[in-house]
>>> print(open('query.pdb').read())   # PDB, C-alpha atoms, pLDDT in the B column
ATOM      1  CA  MET W   1      79.535 104.395 117.897  1.00 48.00           C
ATOM      2  CA  ASP W   2      79.917 102.267 114.753  1.00 76.00           C
ATOM      3  CA  TYR W   3      79.023 104.935 112.225  1.00 85.00           C
ATOM      4  CA  LEU W   4      78.088 108.598 112.101  1.00 91.00           C
ATOM      5  CA  ASN W   5      74.702 109.773 110.877  1.00 91.00           C
ATOM      6  CA  LYS W   6      74.286 112.681 108.446  1.00 93.00           C
ATOM      7  CA  THR W   7      73.891 115.248 111.237  1.00 94.00           C
ATOM      8  CA  GLN W   8      77.010 114.030 113.047  1.00 94.00           C
ATOM      9  CA  LEU W   9      78.992 114.019 109.797  1.00 96.00           C
ATOM     10  CA  ARG W  10      77.973 117.610 109.072  1.00 97.00           C
ATOM     11  CA  GLU W  11      79.023 118.626 112.617  1.00 97.00           C
ATOM     12  CA  LEU W  12      82.406 116.899 112.291  1.00 97.00           C
ATOM     13  CA  PHE W  13      83.090 118.287 108.808  1.00 98.00           C
ATOM     14  CA  THR W  14      82.005 121.806 109.787  1.00 98.00           C
ATOM     15  CA  ILE W  15      84.480 121.838 112.685  1.00 98.00           C
ATOM     16  CA  ALA W  16      87.234 120.477 110.440  1.00 98.00           C
ATOM     17  CA  TYR W  17      86.464 123.115 107.791  1.00 98.00           C
ATOM     18  CA  SER W  18      86.704 125.893 110.375  1.00 98.00           C
ATOM     19  CA  HIS W  19      90.146 124.665 111.541  1.00 98.00           C
ATOM     20  CA  ASN W  20      91.974 123.369 108.472  1.00 98.00           C
ATOM     21  CA  LYS W  21      90.629 123.184 104.898  1.00 97.00           C
ATOM     22  CA  LEU W  22      93.092 120.456 103.896  1.00 97.00           C
ATOM     23  CA  HIS W  23      92.178 118.233 106.850  1.00 98.00           C
ATOM     24  CA  HIS W  24      88.524 118.855 106.016  1.00 98.00           C
ATOM     25  CA  LEU W  25      89.044 117.877 102.381  1.00 97.00           C
ATOM     26  CA  SER W  26      90.811 114.647 103.366  1.00 97.00           C
ATOM     27  CA  LEU W  27      87.900 113.716 105.640  1.00 97.00           C
ATOM     28  CA  ILE W  28      85.149 114.386 103.113  1.00 97.00           C
ATOM     29  CA  THR W  29      87.128 112.564 100.416  1.00 97.00           C
ATOM     30  CA  GLY W  30      87.430 109.551 102.705  1.00 96.00           C
ATOM     31  CA  PHE W  31      83.700 109.712 103.377  1.00 95.00           C
ATOM     32  CA  TRP W  32      82.442 110.304  99.810  1.00 95.00           C
ATOM     33  CA  HIS W  33      84.531 107.463  98.426  1.00 94.00           C
ATOM     34  CA  GLY W  34      84.391 105.048 101.370  1.00 92.00           C
ATOM     35  CA  LEU W  35      88.165 105.039 101.774  1.00 93.00           C
ATOM     36  CA  ARG W  36      90.501 103.875 104.490  1.00 92.00           C
ATOM     37  CA  SER W  37      92.827 106.430 106.054  1.00 94.00           C
ATOM     38  CA  SER W  38      95.835 104.825 104.347  1.00 93.00           C
ATOM     39  CA  GLU W  39      94.056 105.102 100.959  1.00 94.00           C
ATOM     40  CA  VAL W  40      93.744 108.870 101.471  1.00 96.00           C
ATOM     41  CA  CYS W  41      97.034 109.857 103.144  1.00 95.00           C
ATOM     42  CA  GLY W  42     100.485 108.433 103.690  1.00 88.00           C
ATOM     43  CA  SER W  43     102.669 106.710 101.107  1.00 89.00           C
ATOM     44  CA  LYS W  44      99.710 104.905  99.474  1.00 91.00           C
ATOM     45  CA  GLY W  45      97.448 107.951  99.597  1.00 94.00           C
ATOM     46  CA  ILE W  46      95.816 109.901  96.802  1.00 96.00           C
ATOM     47  CA  ARG W  47      98.074 111.479  94.176  1.00 96.00           C
ATOM     48  CA  GLY W  48      96.957 114.187  91.779  1.00 96.00           C
ATOM     49  CA  HIS W  49      96.923 111.953  88.679  1.00 96.00           C
ATOM     50  CA  GLN W  50      94.242 109.769  90.293  1.00 96.00           C
ATOM     51  CA  ILE W  51      91.770 112.615  89.767  1.00 97.00           C
ATOM     52  CA  PHE W  52      90.745 112.992  86.131  1.00 95.00           C
ATOM     53  CA  ASN W  53      87.599 114.287  84.417  1.00 95.00           C
ATOM     54  CA  GLY W  54      85.861 114.874  87.738  1.00 96.00           C
ATOM     55  CA  LYS W  55      86.475 111.328  88.971  1.00 97.00           C
ATOM     56  CA  LEU W  56      88.746 109.710  91.542  1.00 96.00           C
ATOM     57  CA  THR W  57      90.347 106.337  90.854  1.00 95.00           C
ATOM     58  CA  VAL W  58      91.684 104.417  93.842  1.00 94.00           C
ATOM     59  CA  LYS W  59      93.467 101.077  94.136  1.00 90.00           C
ATOM     60  CA  ARG W  60      91.800  99.749  97.270  1.00 89.00           C
ATOM     61  CA  LEU W  61      93.882  98.016  99.908  1.00 87.00           C
ATOM     62  CA  LYS W  62      93.362  94.583 101.453  1.00 82.00           C
ATOM     63  CA  ARG W  63      92.995  92.756  98.124  1.00 77.00           C
ATOM     64  CA  SER W  64      90.015  94.860  97.077  1.00 81.00           C
ATOM     65  CA  GLU W  65      89.151  96.237  93.644  1.00 86.00           C
ATOM     66  CA  ILE W  66      90.157  99.434  91.856  1.00 91.00           C
ATOM     67  CA  THR W  67      87.260 101.893  91.966  1.00 92.00           C
ATOM     68  CA  THR W  68      86.525 104.999  89.925  1.00 94.00           C
ATOM     69  CA  GLN W  69      83.887 107.291  91.377  1.00 94.00           C
ATOM     70  CA  PRO W  70      82.698 110.792  90.522  1.00 96.00           C
ATOM     71  CA  LEU W  71      83.794 113.616  92.785  1.00 97.00           C
ATOM     72  CA  HIS W  72      81.043 115.199  94.832  1.00 95.00           C
ATOM     73  CA  LEU W  73      80.955 118.686  93.348  1.00 96.00           C
ATOM     74  CA  CYS W  74      78.569 121.053  95.119  1.00 94.00           C
ATOM     75  CA  PRO W  75      80.145 124.494  95.610  1.00 92.00           C
ATOM     76  CA  GLU W  76      76.911 125.731  97.189  1.00 95.00           C
ATOM     77  CA  ASP W  77      77.619 123.469 100.206  1.00 96.00           C
ATOM     78  CA  VAL W  78      81.335 123.809 101.008  1.00 96.00           C
ATOM     79  CA  ILE W  79      81.072 121.358 103.907  1.00 97.00           C
ATOM     80  CA  PHE W  80      80.523 118.445 101.480  1.00 96.00           C
ATOM     81  CA  ASP W  81      82.184 119.842  98.322  1.00 97.00           C
ATOM     82  CA  GLU W  82      85.191 118.124  96.707  1.00 97.00           C
ATOM     83  CA  THR W  83      85.721 120.794  94.012  1.00 97.00           C
ATOM     84  CA  PRO W  84      89.088 121.908  95.522  1.00 97.00           C
ATOM     85  CA  LEU W  85      90.503 118.454  94.681  1.00 96.00           C
ATOM     86  CA  ILE W  86      90.453 119.320  90.971  1.00 96.00           C
ATOM     87  CA  ALA W  87      92.800 122.304  91.388  1.00 95.00           C
ATOM     88  CA  MET W  88      95.027 120.354  93.789  1.00 96.00           C
ATOM     89  CA  ALA W  89      95.317 117.510  91.276  1.00 96.00           C
ATOM     90  CA  LYS W  90      96.354 119.898  88.502  1.00 96.00           C
ATOM     91  CA  ASP W  91      98.957 121.554  90.740  1.00 96.00           C
ATOM     92  CA  LYS W  92     100.397 118.270  92.060  1.00 95.00           C
ATOM     93  CA  PRO W  93      99.828 115.524  89.465  1.00 95.00           C
ATOM     94  CA  ASN W  94     102.481 113.167  90.877  1.00 95.00           C
ATOM     95  CA  GLU W  95     102.483 114.251  94.503  1.00 95.00           C
ATOM     96  CA  LEU W  96     100.508 113.070  97.484  1.00 96.00           C
ATOM     97  CA  LEU W  97      97.569 115.420  98.031  1.00 96.00           C
ATOM     98  CA  PHE W  98      97.383 114.666 101.762  1.00 96.00           C
ATOM     99  CA  ASN W  99     101.001 114.197 102.776  1.00 95.00           C
ATOM    100  CA  TRP W 100     100.782 113.188 106.420  1.00 96.00           C
ATOM    101  CA  THR W 101     100.594 109.961 108.385  1.00 94.00           C
ATOM    102  CA  ARG W 102      97.567 107.965 109.504  1.00 91.00           C
ATOM    103  CA  GLN W 103      98.581 108.810 113.066  1.00 92.00           C
ATOM    104  CA  ARG W 104      98.317 112.531 112.276  1.00 95.00           C
ATOM    105  CA  THR W 105      94.846 111.903 110.829  1.00 94.00           C
ATOM    106  CA  ASP W 106      93.862 110.124 114.048  1.00 91.00           C
ATOM    107  CA  GLN W 107      95.019 113.162 116.048  1.00 93.00           C
ATOM    108  CA  PHE W 108      93.021 115.742 114.146  1.00 96.00           C
ATOM    109  CA  ILE W 109      89.862 113.674 113.736  1.00 95.00           C
ATOM    110  CA  LYS W 110      89.851 113.097 117.510  1.00 93.00           C
ATOM    111  CA  LYS W 111      90.296 116.830 118.115  1.00 95.00           C
ATOM    112  CA  TYR W 112      87.435 117.719 115.760  1.00 97.00           C
ATOM    113  CA  ALA W 113      85.158 114.979 117.158  1.00 94.00           C
ATOM    114  CA  ILE W 114      85.661 116.291 120.694  1.00 93.00           C
ATOM    115  CA  GLU W 115      84.910 119.846 119.605  1.00 95.00           C
ATOM    116  CA  ALA W 116      81.797 118.659 117.732  1.00 95.00           C
ATOM    117  CA  GLY W 117      80.606 116.883 120.891  1.00 92.00           C
ATOM    118  CA  LEU W 118      80.832 113.447 119.294  1.00 91.00           C
ATOM    119  CA  GLN W 119      83.185 112.054 121.941  1.00 84.00           C
ATOM    120  CA  LEU W 120      84.663 112.963 125.290  1.00 75.00           C
ATOM    121  CA  ALA W 121      88.231 114.239 125.611  1.00 74.00           C
ATOM    122  CA  THR W 122      88.942 111.309 127.932  1.00 74.00           C
ATOM    123  CA  PRO W 123      86.426 108.615 126.999  1.00 72.00           C
ATOM    124  CA  PRO W 124      85.590 105.913 129.531  1.00 75.00           C
ATOM    125  CA  LYS W 125      87.596 102.722 129.165  1.00 76.00           C
ATOM    126  CA  GLY W 126      86.110 100.484 126.485  1.00 72.00           C
ATOM    127  CA  SER W 127      83.995 103.206 124.863  1.00 72.00           C
ATOM    128  CA  LYS W 128      84.161 103.790 121.117  1.00 74.00           C
ATOM    129  CA  GLN W 129      86.013 106.828 119.843  1.00 81.00           C
ATOM    130  CA  VAL W 130      85.534 108.578 116.530  1.00 86.00           C
ATOM    131  CA  HIS W 131      88.169 107.459 114.025  1.00 89.00           C
ATOM    132  CA  PHE W 132      88.726 107.803 110.292  1.00 92.00           C
ATOM    133  CA  HIS W 133      87.465 104.317 109.427  1.00 89.00           C
ATOM    134  CA  GLN W 134      84.026 105.273 110.752  1.00 90.00           C
ATOM    135  CA  LEU W 135      83.708 107.526 107.708  1.00 92.00           C
ATOM    136  CA  LYS W 136      83.820 104.407 105.518  1.00 89.00           C
ATOM    137  CA  HIS W 137      81.233 102.686 107.710  1.00 86.00           C
ATOM    138  CA  SER W 138      79.085 105.821 107.629  1.00 89.00           C
ATOM    139  CA  ALA W 139      79.225 106.047 103.828  1.00 89.00           C
ATOM    140  CA  ALA W 140      78.267 102.369 103.536  1.00 88.00           C
ATOM    141  CA  MET W 141      75.326 102.705 105.923  1.00 88.00           C
ATOM    142  CA  ILE W 142      73.989 105.891 104.333  1.00 88.00           C
ATOM    143  CA  LEU W 143      74.247 104.369 100.846  1.00 87.00           C
ATOM    144  CA  PHE W 144      72.576 101.170 102.041  1.00 88.00           C
ATOM    145  CA  GLU W 145      69.741 103.092 103.709  1.00 85.00           C
ATOM    146  CA  HIS W 146      69.222 104.952 100.435  1.00 85.00           C
ATOM    147  CA  CYS W 147      69.469 102.096  97.903  1.00 83.00           C
ATOM    148  CA  GLN W 148      68.832  98.924  99.985  1.00 78.00           C
ATOM    149  CA  SER W 149      71.292  97.037  97.754  1.00 84.00           C
ATOM    150  CA  VAL W 150      74.222  95.145  99.237  1.00 84.00           C
ATOM    151  CA  GLY W 151      75.561  94.756  95.685  1.00 85.00           C
ATOM    152  CA  GLN W 152      75.702  98.520  95.148  1.00 87.00           C
ATOM    153  CA  VAL W 153      77.441  99.064  98.485  1.00 86.00           C
ATOM    154  CA  LYS W 154      79.864  96.238  97.667  1.00 84.00           C
ATOM    155  CA  GLY W 155      80.812  97.933  94.378  1.00 84.00           C
ATOM    156  CA  PHE W 156      81.099 101.348  96.015  1.00 85.00           C
ATOM    157  CA  LEU W 157      83.489 100.034  98.679  1.00 85.00           C
ATOM    158  CA  GLY W 158      85.482  98.033  96.112  1.00 84.00           C
ATOM    159  CA  HIS W 159      84.911  94.734  97.894  1.00 84.00           C
ATOM    160  CA  LYS W 160      85.350  91.422  96.123  1.00 82.00           C
ATOM    161  CA  SER W 161      82.962  89.595  98.460  1.00 81.00           C
ATOM    162  CA  ALA W 162      79.561  90.458  99.917  1.00 82.00           C
ATOM    163  CA  GLY W 163      80.791  89.061 103.246  1.00 79.00           C
ATOM    164  CA  SER W 164      83.266  91.923 103.563  1.00 77.00           C
ATOM    165  CA  THR W 165      80.507  94.397 102.781  1.00 79.00           C
ATOM    166  CA  MET W 166      78.146  92.948 105.386  1.00 80.00           C
ATOM    167  CA  CYS W 167      80.678  93.840 108.109  1.00 77.00           C
ATOM    168  CA  TYR W 168      80.020  97.501 107.264  1.00 72.00           C
ATOM    169  CA  LEU W 169      76.252  97.260 107.295  1.00 73.00           C
ATOM    170  CA  VAL W 170      75.632  97.432 111.002  1.00 59.00           C
ATOM    171  CA  GLU W 171      71.860  97.380 111.162  1.00 53.00           C
ATOM    172  CA  HIS W 172      70.134  98.035 114.455  1.00 41.00           C
ATOM    173  CA  ASP W 173      66.771  96.825 113.179  1.00 44.00           C
ATOM    174  CA  LYS W 174      67.232  93.046 113.267  1.00 42.00           C
ATOM    175  CA  THR W 175      64.118  92.354 111.169  1.00 42.00           C
ATOM    176  CA  LYS W 176      65.332  94.635 108.389  1.00 53.00           C
ATOM    177  CA  ALA W 177      68.795  93.049 108.430  1.00 52.00           C
ATOM    178  CA  GLU W 178      67.289  89.550 108.222  1.00 53.00           C
ATOM    179  CA  ALA W 179      65.089  90.602 105.292  1.00 53.00           C
ATOM    180  CA  VAL W 180      68.121  91.969 103.442  1.00 53.00           C
ATOM    181  CA  MET W 181      70.112  88.790 104.056  1.00 54.00           C
ATOM    182  CA  ALA W 182      67.184  86.636 102.868  1.00 56.00           C
ATOM    183  CA  GLY W 183      66.948  88.663  99.659  1.00 55.00           C
ATOM    184  CA  LEU W 184      70.689  88.898  99.051  1.00 53.00           C
ATOM    185  CA  GLN W 185      71.363  88.130  95.393  1.00 43.00           C
ATOM    186  CA  LEU W 186      74.798  88.897  94.020  1.00 39.00           C
TER     187      LEU W 186
END
>>> encode(input="query.pdb", output="structure tokens")
Amino acid sequence: MDYLNKTQLRELFTIAYSHNKLHHLSLITGFWHGLRSSEVCGSKGIRGHQIFNGKLTVKRLKRSEITTQPLHLCPEDVIFDETPLIAMAKDKPNELLFNWTRQRTDQFIKKYAIEAGLQLATPPKGSKQVHFHQLKHSAAMILFEHCQSVGQVKGFLGHKSAGSTMCYLVEHDKTKAEAVMAGLQL
């Protein structure tokens, strides 16, 4: 499993929401902004001051760009709503909002993925397991399916090169992928 579709994301986020609202918020923030686990939590994670005027600014890792993106505010759909980040940012302007390790994130995302039926408790050797980085892949694929622009996905992910972005655009329809590559203009 290289990325999660919209239905699978909703299942994963719904389970997370039912267990732990803070875990849930870290997952949807990672998804909505195409972030790595270490860009959300841990010592390089999100601090309150990075959220301002309804936007999140993140210094991407691995020599990528700084991105500023609007928060996804939709209180009518709590499963995908980032509104609680605003209050957290005001309460903790200089503190980490998700103060736990990447390893802890791996533990709870695995637990929620198993409960959502997205992976087995003991997967067969060599099979793919759900992990935080798949949220970034999922965001890239969903955006690409919507806009069909490698350039837009590149900017969203904060990549400096289109080559990095293409690694995220796993396309199962070979003809479509070839057409995109032929028309790639950055």
>>> closest_residue(input="query.pdb", among="W:His131, W:His137, W:Lys6, W:Lys21", to="Gln103 (chain W)", atoms="only C-alpha atoms")
W:His131
>>> residues_around(input="query.pdb", residues="Val58 (chain W)", least_positions_apart="4", cutoff="12 Å", atoms="only C-alpha atoms", output="PDB file with C-alpha atoms, in the coordinates of the input")
ATOM      1  CA  THR W  29      87.128 112.564 100.416  1.00 97.00           C
ATOM      2  CA  GLY W  30      87.430 109.551 102.705  1.00 96.00           C
ATOM      3  CA  HIS W  33      84.531 107.463  98.426  1.00 94.00           C
ATOM      4  CA  GLY W  34      84.391 105.048 101.370  1.00 92.00           C
ATOM      5  CA  LEU W  35      88.165 105.039 101.774  1.00 93.00           C
ATOM      6  CA  ARG W  36      90.501 103.875 104.490  1.00 92.00           C
ATOM      7  CA  SER W  38      95.835 104.825 104.347  1.00 93.00           C
ATOM      8  CA  GLU W  39      94.056 105.102 100.959  1.00 94.00           C
ATOM      9  CA  VAL W  40      93.744 108.870 101.471  1.00 96.00           C
ATOM     10  CA  LYS W  44      99.710 104.905  99.474  1.00 91.00           C
ATOM     11  CA  GLY W  45      97.448 107.951  99.597  1.00 94.00           C
ATOM     12  CA  ILE W  46      95.816 109.901  96.802  1.00 96.00           C
ATOM     13  CA  ARG W  47      98.074 111.479  94.176  1.00 96.00           C
ATOM     14  CA  GLY W  48      96.957 114.187  91.779  1.00 96.00           C
ATOM     15  CA  HIS W  49      96.923 111.953  88.679  1.00 96.00           C
ATOM     16  CA  GLN W  50      94.242 109.769  90.293  1.00 96.00           C
ATOM     17  CA  ILE W  51      91.770 112.615  89.767  1.00 97.00           C
ATOM     18  CA  PHE W  52      90.745 112.992  86.131  1.00 95.00           C
ATOM     19  CA  SER W  64      90.015  94.860  97.077  1.00 81.00           C
ATOM     20  CA  GLU W  65      89.151  96.237  93.644  1.00 86.00           C
ATOM     21  CA  ILE W  66      90.157  99.434  91.856  1.00 91.00           C
ATOM     22  CA  THR W  67      87.260 101.893  91.966  1.00 92.00           C
ATOM     23  CA  THR W  68      86.525 104.999  89.925  1.00 94.00           C
ATOM     24  CA  GLN W  69      83.887 107.291  91.377  1.00 94.00           C
ATOM     25  CA  PRO W  70      82.698 110.792  90.522  1.00 96.00           C
ATOM     26  CA  PHE W 156      81.099 101.348  96.015  1.00 85.00           C
ATOM     27  CA  LEU W 157      83.489 100.034  98.679  1.00 85.00           C
ATOM     28  CA  GLY W 158      85.482  98.033  96.112  1.00 84.00           C
TER      29      GLY W 158
END
>>> resolve_selection(input="query.pdb", expression="the PyMOL selection byres ((chain W and resi 26) around 10)", output="list in words")
Ala16, Lys21, Leu22, His23, His24, Leu25, Leu27, Ile28, Thr29, Gly30, Phe31, Ser37, Val40, Cys41, Ile46, Glu82, Leu85, Leu97, Phe98, Thr105 and Phe132 of chain W
>>> atom_distance(input="query.pdb", atom1="CA of Phe13 (chain W)", atom2="CA of Ala162 (chain W)")
29.4 Å
>>> closest_residue(input="query.pdb", among="W:Gln152, W:Asn94, W:Thr83, W:Gln129", to="Lys111 (chain W)", atoms="only C-alpha atoms")
W:Gln129
>>> closest_atom_pairs(input="query.pdb", of="region 46-135 of chain W", to="region 139-147 of chain W", cutoff="12 Å", atoms="only C-alpha atoms", output="tab-separated table")
residue	atom	partner	partner_atom	distance
W:Phe132	CA	W:Ala139	CA	11.6
W:His133	CA	W:Ala139	CA	10.1
W:Gln134	CA	W:Ala139	CA	8.5
W:Leu135	CA	W:Ala139	CA	6.1
>>> atom_distance(input="query.pdb", atom1="CA of Met166 (chain W)", atom2="CA of Lys110 (chain W)")
26.3 Å
>>> closest_residue(input="query.pdb", among="W:Thr122, W:Ser164, W:Ser138, W:Thr101", to="Lys62 (chain W)", atoms="only C-alpha atoms")
W:Ser164
>>> atom_distance(input="query.pdb", atom1="CA of Asn99 (chain W)", atom2="CA of Gly42 (chain W)")
5.9 Å
>>> closest_residue(input="query.pdb", among="W:Tyr168, W:Glu11, W:Asn5, W:Asn20", to="Phe108 (chain W)", atoms="only C-alpha atoms")
W:Asn20
>>> closest_residue(input="query.pdb", among="W:Glu115, W:Gly151, W:Lys136, W:Arg102", to="Ser43 (chain W)", atoms="all atoms listed in the file")
W:Arg102
>>> residues_near_point(input="query.pdb", point="(76.9, 115.5, 94.8)", cutoff="12 Å", atoms="only C-alpha atoms", output="ChimeraX atom specification")
/W:28,32-33,54-55,69-83
>>> write_last_selection(input="query.pdb", atoms="C-alpha atoms", output="JSON list (two decimals), in the frame of the given file")
[["chain", "number", "residue", "atom", "x", "y", "z"],
["W", 28, "ILE", "CA", 85.15, 114.39, 103.11],
["W", 32, "TRP", "CA", 82.44, 110.30, 99.81],
["W", 33, "HIS", "CA", 84.53, 107.46, 98.43],
["W", 54, "GLY", "CA", 85.86, 114.87, 87.74],
["W", 55, "LYS", "CA", 86.48, 111.33, 88.97],
["W", 69, "GLN", "CA", 83.89, 107.29, 91.38],
["W", 70, "PRO", "CA", 82.70, 110.79, 90.52],
["W", 71, "LEU", "CA", 83.79, 113.62, 92.78],
["W", 72, "HIS", "CA", 81.04, 115.20, 94.83],
["W", 73, "LEU", "CA", 80.96, 118.69, 93.35],
["W", 74, "CYS", "CA", 78.57, 121.05, 95.12],
["W", 75, "PRO", "CA", 80.14, 124.49, 95.61],
["W", 76, "GLU", "CA", 76.91, 125.73, 97.19],
["W", 77, "ASP", "CA", 77.62, 123.47, 100.21],
["W", 78, "VAL", "CA", 81.33, 123.81, 101.01],
["W", 79, "ILE", "CA", 81.07, 121.36, 103.91],
["W", 80, "PHE", "CA", 80.52, 118.44, 101.48],
["W", 81, "ASP", "CA", 82.18, 119.84, 98.32],
["W", 82, "GLU", "CA", 85.19, 118.12, 96.71],
["W", 83, "THR", "CA", 85.72, 120.79, 94.01]]
>>> closest_residue(input="query.pdb", among="W:Ala121, W:Gly155, W:Ile114, W:Asp2", to="Leu169 (chain W)", atoms="all atoms listed in the file")
W:Asp2
>>> decode(input="query.pdb", residues="region 122-130 of chain W", atoms="all heavy atoms", output="mmCIF file, in the first residue's frame")
data_model
loop_
_atom_site.group_PDB
_atom_site.id
_atom_site.type_symbol
_atom_site.label_atom_id
_atom_site.label_comp_id
_atom_site.auth_asym_id
_atom_site.auth_seq_id
_atom_site.Cartn_x
_atom_site.Cartn_y
_atom_site.Cartn_z
ATOM 1 N N THR W 122 -0.398 -8.770 12.516
ATOM 2 C CA THR W 122 0.901 -9.362 12.188
ATOM 3 C C THR W 122 0.945 -9.550 10.671
ATOM 4 O O THR W 122 0.563 -10.590 10.151
ATOM 5 C CB THR W 122 1.084 -10.724 12.889
ATOM 6 O OG1 THR W 122 0.790 -10.571 14.279
ATOM 7 C CG2 THR W 122 2.492 -11.240 12.722
ATOM 8 N N PRO W 123 1.377 -8.513 9.946
ATOM 9 C CA PRO W 123 1.377 -8.611 8.491
ATOM 10 C C PRO W 123 2.387 -9.640 7.988
ATOM 11 O O PRO W 123 3.413 -9.864 8.625
ATOM 12 C CB PRO W 123 1.754 -7.209 8.027
ATOM 13 C CG PRO W 123 2.166 -6.452 9.219
ATOM 14 C CD PRO W 123 1.860 -7.259 10.438
ATOM 15 N N PRO W 124 2.083 -10.265 6.856
ATOM 16 C CA PRO W 124 3.036 -11.212 6.277
ATOM 17 C C PRO W 124 4.373 -10.521 5.980
ATOM 18 O O PRO W 124 4.401 -9.327 5.703
ATOM 19 C CB PRO W 124 2.371 -11.658 4.976
ATOM 20 C CG PRO W 124 0.955 -11.230 5.080
ATOM 21 C CD PRO W 124 0.894 -10.108 6.061
ATOM 22 N N LYS W 125 5.434 -11.287 6.056
ATOM 23 C CA LYS W 125 6.763 -10.741 5.800
ATOM 24 C C LYS W 125 6.804 -10.093 4.407
ATOM 25 O O LYS W 125 6.321 -10.662 3.438
ATOM 26 C CB LYS W 125 7.803 -11.859 5.886
ATOM 27 C CG LYS W 125 9.196 -11.367 6.083
ATOM 28 C CD LYS W 125 10.133 -12.499 6.432
ATOM 29 C CE LYS W 125 11.358 -11.898 7.052
ATOM 30 N NZ LYS W 125 12.072 -12.820 7.866
ATOM 31 N N GLY W 126 7.335 -8.888 4.364
ATOM 32 C CA GLY W 126 7.472 -8.177 3.094
ATOM 33 C C GLY W 126 6.261 -7.352 2.699
ATOM 34 O O GLY W 126 6.313 -6.610 1.728
ATOM 35 N N SER W 127 5.154 -7.464 3.440
ATOM 36 C CA SER W 127 3.972 -6.675 3.083
ATOM 37 C C SER W 127 4.111 -5.259 3.629
ATOM 38 O O SER W 127 4.813 -5.017 4.598
ATOM 39 C CB SER W 127 2.696 -7.327 3.616
ATOM 40 O OG SER W 127 2.662 -7.247 5.015
ATOM 41 N N LYS W 128 3.438 -4.328 2.965
ATOM 42 C CA LYS W 128 3.493 -2.922 3.376
ATOM 43 C C LYS W 128 2.578 -2.688 4.560
ATOM 44 O O LYS W 128 1.481 -3.200 4.619
ATOM 45 C CB LYS W 128 3.047 -2.031 2.215
ATOM 46 C CG LYS W 128 3.878 -2.200 0.969
ATOM 47 C CD LYS W 128 4.833 -1.086 0.827
ATOM 48 C CE LYS W 128 5.602 -1.252 -0.476
ATOM 49 N NZ LYS W 128 6.430 -0.171 -0.780
ATOM 50 N N GLN W 129 3.056 -1.895 5.503
ATOM 51 C CA GLN W 129 2.256 -1.510 6.656
ATOM 52 C C GLN W 129 1.923 -0.027 6.544
ATOM 53 O O GLN W 129 2.647 0.735 5.907
ATOM 54 C CB GLN W 129 3.039 -1.752 7.945
ATOM 55 C CG GLN W 129 3.324 -3.212 8.207
ATOM 56 C CD GLN W 129 3.962 -3.389 9.568
ATOM 57 O OE1 GLN W 129 3.525 -2.800 10.543
ATOM 58 N NE2 GLN W 129 5.000 -4.200 9.626
ATOM 59 N N VAL W 130 0.838 0.364 7.186
ATOM 60 C CA VAL W 130 0.480 1.778 7.209
ATOM 61 C C VAL W 130 1.476 2.502 8.106
ATOM 62 O O VAL W 130 1.790 2.051 9.200
ATOM 63 C CB VAL W 130 -0.962 1.963 7.725
ATOM 64 C CG1 VAL W 130 -1.303 3.441 7.870
ATOM 65 C CG2 VAL W 130 -1.954 1.283 6.786
#
